[in-house]
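Everything below belongs to entry_20.tsv, which stores TSV, C-alpha atoms.
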```tsv
chain	number	residue	atom	x	y	z
A	310	MET	CA	4.37	16.45	-1.80
A	311	SER	CA	7.28	17.36	0.48
A	312	LEU	CA	10.92	17.09	-0.61
A	313	PHE	CA	11.27	14.02	1.61
A	314	GLU	CA	8.23	12.31	0.06
A	315	ARG	CA	9.24	13.28	-3.50
A	316	TYR	CA	12.56	11.46	-3.15
A	317	LEU	CA	11.22	8.52	-1.15
A	318	THR	CA	12.55	6.06	-3.73
A	319	LEU	CA	16.06	7.48	-3.27
A	320	TRP	CA	15.82	7.16	0.52
A	321	VAL	CA	14.60	3.58	0.16
A	322	ALA	CA	17.56	2.80	-2.09
A	323	LEU	CA	19.93	4.30	0.50
A	324	CYS	CA	18.24	2.18	3.19
A	325	ILE	CA	18.96	-0.92	1.13
A	326	VAL	CA	22.64	-0.02	0.99
A	327	ALA	CA	22.75	0.87	4.70
A	328	GLY	CA	20.87	-2.27	5.72
A	329	VAL	CA	23.06	-4.59	3.69
A	330	ALA	CA	26.18	-2.94	5.12
A	331	LEU	CA	24.92	-3.19	8.72
A	332	GLY	CA	24.02	-6.85	8.24
A	333	HIS	CA	27.62	-7.60	7.32
A	334	VAL	CA	29.37	-5.23	9.76
A	335	LEU	CA	27.15	-5.83	12.85
A	336	PRO	CA	25.59	-9.28	12.44
A	337	GLY	CA	25.38	-9.91	16.21
A	338	PRO	CA	23.27	-6.85	17.17
A	339	ILE	CA	21.05	-7.28	14.12
A	340	GLN	CA	20.33	-10.91	15.00
A	341	ALA	CA	19.61	-9.86	18.60
A	342	ILE	CA	17.02	-7.35	17.37
A	343	GLY	CA	15.46	-10.05	15.21
A	344	ALA	CA	15.16	-12.36	18.22
A	345	MET	CA	13.05	-9.87	20.24
A	346	GLU	CA	9.72	-11.55	19.50
A	347	ILE	CA	6.44	-12.43	21.19
A	348	ALA	CA	4.10	-14.82	19.34
A	349	GLN	CA	6.24	-14.39	16.19
A	350	VAL	CA	5.76	-10.60	16.33
A	351	ASN	CA	9.01	-8.64	16.45
A	352	LEU	CA	8.62	-5.98	19.15
A	353	PRO	CA	10.98	-3.29	17.76
A	354	VAL	CA	9.32	-3.60	14.37
A	355	ALA	CA	5.85	-3.44	15.95
A	356	VAL	CA	6.76	-0.10	17.55
A	357	LEU	CA	8.15	1.19	14.25
A	358	ILE	CA	5.04	0.06	12.39
A	359	TRP	CA	2.81	1.96	14.84
A	360	LEU	CA	4.95	5.05	14.30
A	361	MET	CA	4.38	4.60	10.57
A	362	ILE	CA	0.67	3.83	10.55
A	363	ILE	CA	-0.91	5.90	13.34
A	364	PRO	CA	0.15	9.31	11.93
A	365	MET	CA	-1.32	8.27	8.57
A	366	LEU	CA	-4.57	7.04	10.10
A	367	LEU	CA	-4.81	10.29	12.06
A	368	LYS	CA	-5.78	11.94	8.75
A	369	ILE	CA	-8.82	9.70	8.31
A	370	ASP	CA	-12.21	11.03	9.37
A	371	PHE	CA	-14.63	8.12	9.56
A	372	ALA	CA	-17.48	10.62	9.66
A	373	ALA	CA	-16.74	11.00	5.94
A	374	LEU	CA	-18.44	7.64	5.38
A	375	GLY	CA	-21.69	9.62	5.26
A	376	GLN	CA	-20.52	11.16	1.97
A	377	VAL	CA	-20.27	7.79	0.22
A	378	ARG	CA	-23.69	8.16	-1.43
A	379	GLU	CA	-22.57	11.36	-3.19
A	380	HIS	CA	-20.02	9.45	-5.28
A	381	TRP	CA	-21.51	5.98	-5.29
A	382	ARG	CA	-20.40	5.09	-8.84
A	383	GLY	CA	-16.76	5.93	-8.17
A	384	ILE	CA	-16.92	4.27	-4.75
A	385	GLY	CA	-18.37	1.12	-6.30
A	386	VAL	CA	-15.68	0.93	-8.98
A	387	THR	CA	-12.87	1.40	-6.46
A	388	LEU	CA	-14.27	-1.18	-4.04
A	389	PHE	CA	-14.63	-3.66	-6.91
A	390	ILE	CA	-11.00	-3.14	-7.95
A	391	ASN	CA	-9.60	-3.15	-4.38
A	392	TRP	CA	-11.42	-6.20	-3.09
A	393	ALA	CA	-12.64	-8.27	-6.06
A	394	VAL	CA	-9.83	-7.73	-8.59
A	395	LYS	CA	-6.50	-6.58	-7.15
A	396	PRO	CA	-5.70	-9.35	-4.62
A	397	PHE	CA	-6.74	-12.06	-7.09
A	398	SER	CA	-4.99	-10.52	-10.10
A	399	MET	CA	-1.79	-10.21	-8.05
A	400	ALA	CA	-2.08	-13.83	-6.92
A	401	LEU	CA	-2.50	-14.86	-10.57
A	402	LEU	CA	0.48	-12.74	-11.67
A	403	GLY	CA	2.53	-14.15	-8.80
A	404	TRP	CA	1.77	-17.72	-9.78
A	405	LEU	CA	2.44	-16.94	-13.47
A	406	PHE	CA	5.71	-15.01	-13.15
A	407	ILE	CA	7.24	-16.09	-9.84
A	408	GLY	CA	5.84	-19.60	-9.68
A	409	TRP	CA	6.42	-20.45	-13.34
A	410	LEU	CA	8.16	-18.09	-15.80
A	411	PHE	CA	10.86	-16.78	-13.43
A	412	ARG	CA	11.16	-19.93	-11.34
A	413	PRO	CA	14.52	-21.06	-12.81
A	414	TRP	CA	16.18	-17.80	-11.69
A	415	LEU	CA	14.77	-17.73	-8.14
A	416	PRO	CA	15.74	-19.70	-5.02
A	417	GLU	CA	13.39	-22.68	-4.93
A	418	THR	CA	12.87	-22.54	-1.17
A	419	GLN	CA	11.56	-18.95	-1.35
A	420	ILE	CA	9.11	-19.23	-4.27
A	421	ASP	CA	6.01	-19.66	-2.11
A	422	SER	CA	7.20	-16.94	0.24
A	423	TYR	CA	7.64	-14.46	-2.61
A	424	ILE	CA	4.11	-15.17	-3.84
A	425	ALA	CA	2.78	-14.72	-0.29
A	426	GLY	CA	4.47	-11.32	-0.05
A	427	LEU	CA	2.91	-10.20	-3.33
A	428	ILE	CA	-0.52	-11.29	-2.07
A	429	LEU	CA	-0.05	-9.39	1.20
A	430	LEU	CA	0.94	-6.30	-0.77
A	431	ALA	CA	-2.13	-6.39	-3.00
A	432	ALA	CA	-4.63	-7.23	-0.24
A	433	ALA	CA	-4.06	-3.93	1.58
A	434	PRO	CA	-5.50	-0.85	-0.21
A	435	CYS	CA	-3.48	2.32	0.20
A	436	THR	CA	-4.46	4.93	2.79
A	437	ALA	CA	-2.36	8.01	3.53
A	438	MET	CA	-0.28	8.28	0.33
A	439	VAL	CA	-3.54	8.31	-1.66
A	440	PHE	CA	-4.14	11.88	-0.44
A	441	VAL	CA	-0.85	12.87	-2.09
A	442	TRP	CA	-1.70	11.15	-5.38
A	443	SER	CA	-5.25	12.55	-5.38
A	444	ASN	CA	-4.02	16.09	-4.79
A	445	LEU	CA	-1.52	15.81	-7.66
A	446	ALA	CA	-4.28	14.53	-9.97
A	447	ASP	CA	-6.76	17.30	-8.98
A	448	GLY	CA	-8.99	14.69	-7.38
A	449	GLU	CA	-12.25	15.41	-5.55
A	450	PRO	CA	-11.11	15.61	-1.89
A	451	HIS	CA	-14.42	14.47	-0.35
A	452	PHE	CA	-14.47	11.37	-2.56
A	453	THR	CA	-10.87	10.55	-1.64
A	454	LEU	CA	-11.55	10.94	2.07
A	455	SER	CA	-14.75	8.88	2.05
A	456	GLN	CA	-13.16	6.14	-0.10
A	457	VAL	CA	-10.12	5.83	2.16
A	458	ALA	CA	-12.30	5.77	5.29
A	459	LEU	CA	-14.48	3.04	3.77
A	460	ASN	CA	-11.46	0.99	2.70
A	461	ASP	CA	-9.99	1.19	6.20
A	462	ALA	CA	-13.29	0.06	7.73
A	463	ILE	CA	-13.49	-2.89	5.31
A	464	MET	CA	-9.84	-3.78	5.85
A	465	VAL	CA	-10.48	-4.41	9.55
A	466	VAL	CA	-12.71	-7.39	8.70
A	467	ALA	CA	-11.65	-8.39	5.17
A	468	PHE	CA	-7.85	-8.36	5.17
A	469	ALA	CA	-7.35	-11.60	7.09
A	470	PRO	CA	-9.99	-13.65	5.19
A	471	VAL	CA	-8.75	-12.49	1.76
A	472	VAL	CA	-5.12	-13.19	2.62
A	473	GLY	CA	-6.02	-16.53	4.19
A	474	LEU	CA	-8.03	-17.57	1.14
A	475	LEU	CA	-5.33	-16.69	-1.38
A	476	LEU	CA	-2.50	-18.17	0.69
A	477	GLY	CA	-4.57	-21.32	1.00
A	478	LEU	CA	-5.09	-21.45	-2.76
A	479	SER	CA	-1.33	-21.05	-3.13
A	480	ALA	CA	-0.86	-24.13	-0.91
A	481	ILE	CA	0.94	-21.96	1.66
A	482	THR	CA	0.31	-22.82	5.30
A	483	VAL	CA	-1.65	-20.00	6.90
A	484	PRO	CA	-0.58	-19.25	10.50
A	485	TRP	CA	-4.02	-17.97	11.46
A	486	GLU	CA	-3.12	-16.97	15.01
A	487	THR	CA	-0.27	-14.78	13.77
A	488	LEU	CA	-2.37	-13.40	10.91
A	489	LEU	CA	-5.21	-12.40	13.22
A	490	LEU	CA	-2.72	-10.96	15.69
A	491	SER	CA	-1.21	-8.90	12.87
A	492	VAL	CA	-4.64	-7.59	11.91
A	493	GLY	CA	-5.26	-6.62	15.52
A	494	LEU	CA	-1.86	-5.01	16.00
A	495	TYR	CA	-1.53	-3.27	12.68
A	496	ILE	CA	-5.13	-2.41	11.76
A	497	VAL	CA	-7.59	-2.55	14.66
A	498	VAL	CA	-5.44	-1.04	17.43
A	499	PRO	CA	-3.92	1.74	15.26
A	500	VAL	CA	-7.35	2.67	13.84
A	501	ILE	CA	-8.86	2.95	17.33
A	502	ALA	CA	-5.83	4.78	18.76
A	503	ALA	CA	-5.72	7.21	15.84
A	504	GLN	CA	-9.44	8.01	16.03
A	505	LEU	CA	-9.33	8.59	19.80
A	506	TRP	CA	-6.29	10.83	19.40
A	507	ARG	CA	-7.95	12.66	16.50
A	508	ARG	CA	-11.05	13.41	18.58
A	509	ALA	CA	-8.92	14.63	21.47
A	510	LEU	CA	-7.01	16.99	19.17
A	511	LEU	CA	-10.17	18.26	17.48
A	512	ARG	CA	-11.56	19.25	20.86
A	513	ARG	CA	-8.72	21.78	20.89
A	514	GLY	CA	-9.55	22.89	17.34
A	515	ALA	CA	-8.68	21.93	13.77
A	516	VAL	CA	-5.40	23.87	14.04
A	517	ALA	CA	-4.21	21.49	16.77
A	518	LEU	CA	-4.91	18.47	14.53
A	519	GLN	CA	-3.12	20.03	11.57
A	520	ALA	CA	-0.12	20.95	13.70
A	521	MET	CA	0.14	17.40	15.05
A	522	GLN	CA	-0.13	15.89	11.57
A	523	LYS	CA	2.64	18.19	10.35
A	524	THR	CA	4.83	17.15	13.28
A	525	LEU	CA	4.20	13.43	12.90
A	526	GLY	CA	4.55	13.28	9.09
A	527	PRO	CA	8.38	13.06	9.04
A	528	ILE	CA	8.34	10.65	12.01
A	529	SER	CA	6.13	8.26	10.04
A	530	LEU	CA	8.47	8.22	7.06
A	531	VAL	CA	11.59	7.91	9.22
A	532	ALA	CA	10.02	4.91	10.98
A	533	LEU	CA	9.40	3.34	7.57
A	534	LEU	CA	13.01	3.86	6.54
A	535	VAL	CA	14.41	2.50	9.82
A	536	THR	CA	12.23	-0.61	9.37
A	537	LEU	CA	13.64	-1.04	5.88
A	538	VAL	CA	17.20	-0.73	7.15
A	539	LEU	CA	16.53	-3.55	9.63
A	540	LEU	CA	14.77	-5.63	7.00
A	541	PHE	CA	17.62	-5.34	4.51
A	542	ALA	CA	20.14	-6.01	7.23
A	543	PHE	CA	18.57	-9.47	7.46
A	544	GLN	CA	18.15	-9.78	3.68
A	545	GLY	CA	21.60	-8.44	2.84
A	546	ARG	CA	23.37	-11.65	1.89
A	547	GLN	CA	20.50	-12.81	-0.31
A	548	ILE	CA	20.44	-9.45	-2.11
A	549	ILE	CA	24.18	-9.47	-2.75
A	550	ASP	CA	24.18	-13.08	-3.88
A	551	GLN	CA	21.05	-12.72	-6.07
A	552	PRO	CA	20.41	-9.09	-7.12
A	553	LEU	CA	18.21	-10.33	-9.98
A	554	VAL	CA	15.52	-11.28	-7.46
A	555	ILE	CA	14.41	-7.68	-6.85
A	556	ALA	CA	14.09	-6.98	-10.58
A	557	LEU	CA	12.05	-10.14	-11.13
A	558	LEU	CA	9.72	-9.39	-8.20
A	559	ALA	CA	9.11	-5.91	-9.60
A	560	VAL	CA	7.61	-7.30	-12.83
A	561	PRO	CA	4.26	-8.60	-11.45
A	562	ILE	CA	3.96	-5.54	-9.19
A	563	LEU	CA	4.36	-3.16	-12.14
A	564	ILE	CA	1.87	-5.07	-14.28
A	565	GLN	CA	-0.61	-5.16	-11.40
A	566	VAL	CA	-0.42	-1.38	-10.82
A	567	TYR	CA	-1.00	-0.44	-14.46
A	568	PHE	CA	-3.67	-3.09	-15.01
A	569	ASN	CA	-5.76	-2.14	-11.97
A	570	SER	CA	-5.41	1.63	-12.44
A	571	GLY	CA	-6.31	1.29	-16.12
A	572	LEU	CA	-9.31	-0.93	-15.38
A	573	ALA	CA	-10.62	1.45	-12.70
A	574	TYR	CA	-10.14	4.45	-14.98
A	575	TRP	CA	-11.93	2.75	-17.88
A	576	LEU	CA	-14.84	1.56	-15.72
A	577	ASN	CA	-15.36	5.03	-14.30
A	578	ARG	CA	-15.42	6.43	-17.84
A	579	ARG	CA	-17.96	3.80	-18.90
A	580	PHE	CA	-20.20	4.72	-15.95
A	581	GLY	CA	-19.95	8.45	-16.68
A	582	VAL	CA	-18.09	9.35	-13.48
A	583	ALA	CA	-16.55	12.83	-13.33
A	584	HIS	CA	-12.81	12.94	-13.99
A	585	CYS	CA	-12.14	14.53	-10.59
A	586	VAL	CA	-13.52	11.31	-9.05
A	587	ALA	CA	-12.18	8.85	-11.64
A	588	ALA	CA	-8.59	10.05	-11.20
A	589	PRO	CA	-8.30	9.28	-7.45
A	590	SER	CA	-10.40	6.14	-7.99
A	591	ALA	CA	-7.76	4.82	-10.41
A	592	LEU	CA	-4.98	5.76	-8.01
A	593	ILE	CA	-6.64	4.18	-4.97
A	594	GLY	CA	-7.35	1.07	-7.02
A	595	ALA	CA	-3.69	0.70	-7.98
A	596	SER	CA	-1.69	1.69	-4.88
A	597	ASN	CA	-0.99	-0.42	-1.80
A	598	PHE	CA	-0.84	0.05	1.97
A	599	PHE	CA	2.77	-1.12	1.91
A	600	GLU	CA	3.35	-0.28	5.58
A	601	LEU	CA	0.77	-2.88	6.59
A	602	ALA	CA	2.04	-5.37	4.01
A	603	VAL	CA	5.62	-5.11	5.31
A	604	ALA	CA	4.44	-5.51	8.91
A	605	ALA	CA	2.25	-8.53	8.13
A	606	ALA	CA	4.99	-10.20	6.06
A	607	ILE	CA	7.51	-9.82	8.87
A	608	SER	CA	5.04	-11.13	11.46
A	609	LEU	CA	3.87	-14.09	9.37
A	610	PHE	CA	7.10	-15.19	7.74
A	611	GLY	CA	9.97	-13.41	9.49
A	612	PHE	CA	12.56	-10.77	8.68
A	613	GLU	CA	14.61	-13.04	6.43
A	614	SER	CA	11.70	-14.34	4.37
A	615	GLY	CA	11.04	-13.88	0.70
A	616	ALA	CA	7.63	-12.47	1.65
A	617	ALA	CA	9.23	-9.60	3.53
A	618	LEU	CA	11.54	-8.90	0.60
A	619	ALA	CA	8.64	-8.94	-1.90
A	620	THR	CA	6.71	-6.31	0.10
A	621	VAL	CA	9.80	-4.10	0.30
A	622	VAL	CA	10.14	-4.23	-3.49
A	623	GLY	CA	6.62	-2.78	-3.52
A	624	VAL	CA	7.86	0.12	-1.39
A	625	LEU	CA	10.85	0.64	-3.67
A	626	ILE	CA	8.78	1.15	-6.83
A	627	GLU	CA	5.58	2.65	-5.33
A	628	VAL	CA	6.47	6.34	-5.66
A	629	PRO	CA	7.83	6.49	-9.25
A	630	VAL	CA	5.13	4.16	-10.58
A	631	MET	CA	2.27	6.07	-8.93
A	632	LEU	CA	3.68	9.37	-10.18
A	633	SER	CA	3.56	7.93	-13.69
A	634	VAL	CA	-0.11	6.96	-13.16
A	635	VAL	CA	-0.84	10.52	-11.98
A	636	LYS	CA	0.72	11.85	-15.19
A	637	ILE	CA	-1.33	9.46	-17.33
A	638	VAL	CA	-4.70	10.36	-15.78
A	639	ARG	CA	-3.95	14.08	-15.96
A	640	SER	CA	-2.77	14.03	-19.58
A	641	SER	CA	-5.75	11.91	-20.69
A	642	LYS	CA	-8.41	14.16	-19.14
A	643	ASP	CA	-9.71	15.44	-22.50
A	644	TRP	CA	-9.98	11.89	-23.86
A	645	TYR	CA	-11.72	10.79	-20.66
A	646	GLU	CA	-14.34	13.54	-20.75
A	647	ARG	CA	-15.16	12.97	-24.42
A	648	GLY	CA	-16.40	9.50	-23.45
A	649	ALA	CA	-18.05	10.29	-20.13
A	650	ALA	CA	-21.75	11.18	-19.71
A	651	PRO	CA	-22.24	14.95	-20.28
A	652	ALA	CA	-24.03	15.53	-16.97
A	653	HIS	CA	-21.20	14.05	-14.95
A	654	VAL	CA	-18.58	15.89	-16.98
A	655	LEU	CA	-20.31	19.19	-16.22
A	656	LYS	CA	-20.53	18.28	-12.56
A	657	GLY	CA	-16.83	17.40	-12.51
A	658	LYS	CA	-15.85	20.66	-14.18
A	659	ALA	CA	-17.96	22.61	-11.70
A	660	ALA	CA	-16.23	20.83	-8.79
A	661	GLU	CA	-12.85	21.89	-10.17
```

This entry written out as structure tokens:
Amino acid sequence: MSLFERYLTLWVALCIVAGVALGHVLPGPIQAIGAMEIAQVNLPVAVLIWLMIIPMLLKIDFAALGQVREHWRGIGVTLFINWAVKPFSMALLGWLFIGWLFRPWLPETQIDSYIAGLILLAAAPCTAMVFVWSNLADGEPHFTLSQVALNDAIMVVAFAPVVGLLLGLSAITVPWETLLLSVGLYIVVPVIAAQLWRRALLRRGAVALQAMQKTLGPISLVALLVTLVLLFAFQGRQIIDQPLVIALLAVPILIQVYFNSGLAYWLNRRFGVAHCVAAPSALIGASNFFELAVAAAISLFGFESGAALATVVGVLIEVPVMLSVVKIVRSSKDWYERGAAPAHVLKGKAAE
């Protein structure tokens, strides 16, 4: 993990301060940027989102899908967590905490929007940052690559239906045209563009691809931070007036991360999956593709919405929370292997 990535939480915090300040000092220009929309999609943000997502997707080799059968138990557990548990558990936690327990301390007009943002956050499995978490946890690289490639392929067709279903259950009006447009803009087009670019670079050799990834890495993170500055410029007054909101939104996100990572880890142990596969499986099952969630929230509900703020809270706590999960799976390796099937333990040790 680079120095920039290691202190991502600090940079996000500084973006909050900068965004709030800009919203108060330059309200006119900020509002003008917010008004640059086509079909409810903010054009400057769309460009920034592409700068975030495409460099990350450039790392994905969809040819790795052929390796799925080698780690089918771990793949099955992670898919179950990502698509059958995480979005629904987050929706439940959102209804419980935001819609009920914390309701008296939150602005009534934003309750549904906050829940929608949490759902958007949980419905998008993480992609690029998973490689960082997997590396820190001594994860099996081929499993990580094939799992991420499979998740991205599923996300193209499953993200909109899952979000639409859960928003509908939450009695939130689903703007289907905008949702489908968001899927096209922020999943389909970037995936296609990244794969075409990847193939073009590989024709010049693997070194060319690695050099481009190294060049684009900082650009991706800078684009994320600039997006957050703009977002908090619109959210500034709400944050200053109600700072408790961010802390309350963090509660269901934290519970969701530890619950899903723990469940994935336990299921892998029960099925005798090697630790080098179970570790990244738990991390992939817990983390979120927050770049997509932020983009979709802005497109669906606007810059100033509670949904956009809820997804940004996910960004704020992602790095420290996932680092704690990495520490847990590493420190519990001996316990894990005592309960896993001997054959898979031996295979995992050999892979290490």

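The space separating atom CA of A:Leu490 from atom CA of A:Val356 comes to 14.5 Å.
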
With a cut-off of 12 Å, could you pull out the residues of stretch 557-616 of chain A touching stretch 386-410 of chain A and give me the nearest pair of atoms for each, distance in Å to one decimal, using only C-alpha atoms, ordered by chain and ascending number, as a Markdown table?
```
| residue | atom | partner | partner_atom | distance |
| --- | --- | --- | --- | --- |
| A:Leu557 | CA | A:Ile407 | CA | 7.8 |
| A:Leu558 | CA | A:Ile407 | CA | 7.3 |
| A:Ala559 | CA | A:Phe406 | CA | 10.3 |
| A:Val560 | CA | A:Phe406 | CA | 7.9 |
| A:Pro561 | CA | A:Leu402 | CA | 5.6 |
| A:Ile562 | CA | A:Met399 | CA | 7.5 |
| A:Leu563 | CA | A:Met399 | CA | 10.2 |
| A:Ile564 | CA | A:Leu402 | CA | 8.2 |
| A:Gln565 | CA | A:Met399 | CA | 6.2 |
| A:Val566 | CA | A:Lys395 | CA | 8.8 |
| A:Tyr567 | CA | A:Lys395 | CA | 11.0 |
| A:Phe568 | CA | A:Ser398 | CA | 9.0 |
| A:Asn569 | CA | A:Lys395 | CA | 6.6 |
| A:Ser570 | CA | A:Ile390 | CA | 8.6 |
| A:Gly571 | CA | A:Ile390 | CA | 10.4 |
| A:Leu572 | CA | A:Ile390 | CA | 7.9 |
| A:Ala573 | CA | A:Val386 | CA | 6.3 |
| A:Tyr574 | CA | A:Val386 | CA | 8.9 |
| A:Trp575 | CA | A:Val386 | CA | 9.8 |
| A:Leu576 | CA | A:Val386 | CA | 6.8 |
| A:Asn577 | CA | A:Val386 | CA | 6.7 |
| A:Arg578 | CA | A:Val386 | CA | 10.4 |
| A:Arg579 | CA | A:Val386 | CA | 10.6 |
| A:Phe580 | CA | A:Val386 | CA | 9.1 |
| A:Gly581 | CA | A:Val386 | CA | 11.6 |
| A:Val582 | CA | A:Val386 | CA | 9.8 |
| A:Val586 | CA | A:Thr387 | CA | 10.3 |
| A:Ala587 | CA | A:Val386 | CA | 9.1 |
| A:Ala588 | CA | A:Thr387 | CA | 10.8 |
| A:Pro589 | CA | A:Thr387 | CA | 9.2 |
| A:Ser590 | CA | A:Thr387 | CA | 5.6 |
| A:Ala591 | CA | A:Thr387 | CA | 7.3 |
| A:Leu592 | CA | A:Thr387 | CA | 9.1 |
| A:Ile593 | CA | A:Thr387 | CA | 7.0 |
| A:Gly594 | CA | A:Asn391 | CA | 5.5 |
| A:Ala595 | CA | A:Lys395 | CA | 7.8 |
| A:Ser596 | CA | A:Asn391 | CA | 9.3 |
| A:Asn597 | CA | A:Asn391 | CA | 9.4 |
| A:Phe598 | CA | A:Asn391 | CA | 11.3 |
| A:Gly615 | CA | A:Ile407 | CA | 11.4 |
| A:Ala616 | CA | A:Gly403 | CA | 11.7 |
```

Length of the atom CA of A:Val531 to atom CA of A:Ala322 vector [Å]: 13.8 Å

Non-local contacts of A:Leu511 (12 Å; only C-alpha atoms; under 4 positions in same chain excluded) as a PyMOL selection string: chain A and resi 367-368+370+504-507+515-522

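Reported to one decimal place, the separation of atom CA of A:Leu478 from atom CA of A:Met464 is 20.2 Å.
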
Surrounding residues of A:Ala503 excluding itself and chain neighbours under 5 positions, 9 Å, all atoms listed in the file, as a PyMOL selection string: chain A and resi 362-369+498+508

Of the listed residues A:Asp421, A:Cys324, A:Glu486, A:Phe371, that which approaches A:Ala462 most closely, counting all atoms listed in the file: A:Phe371
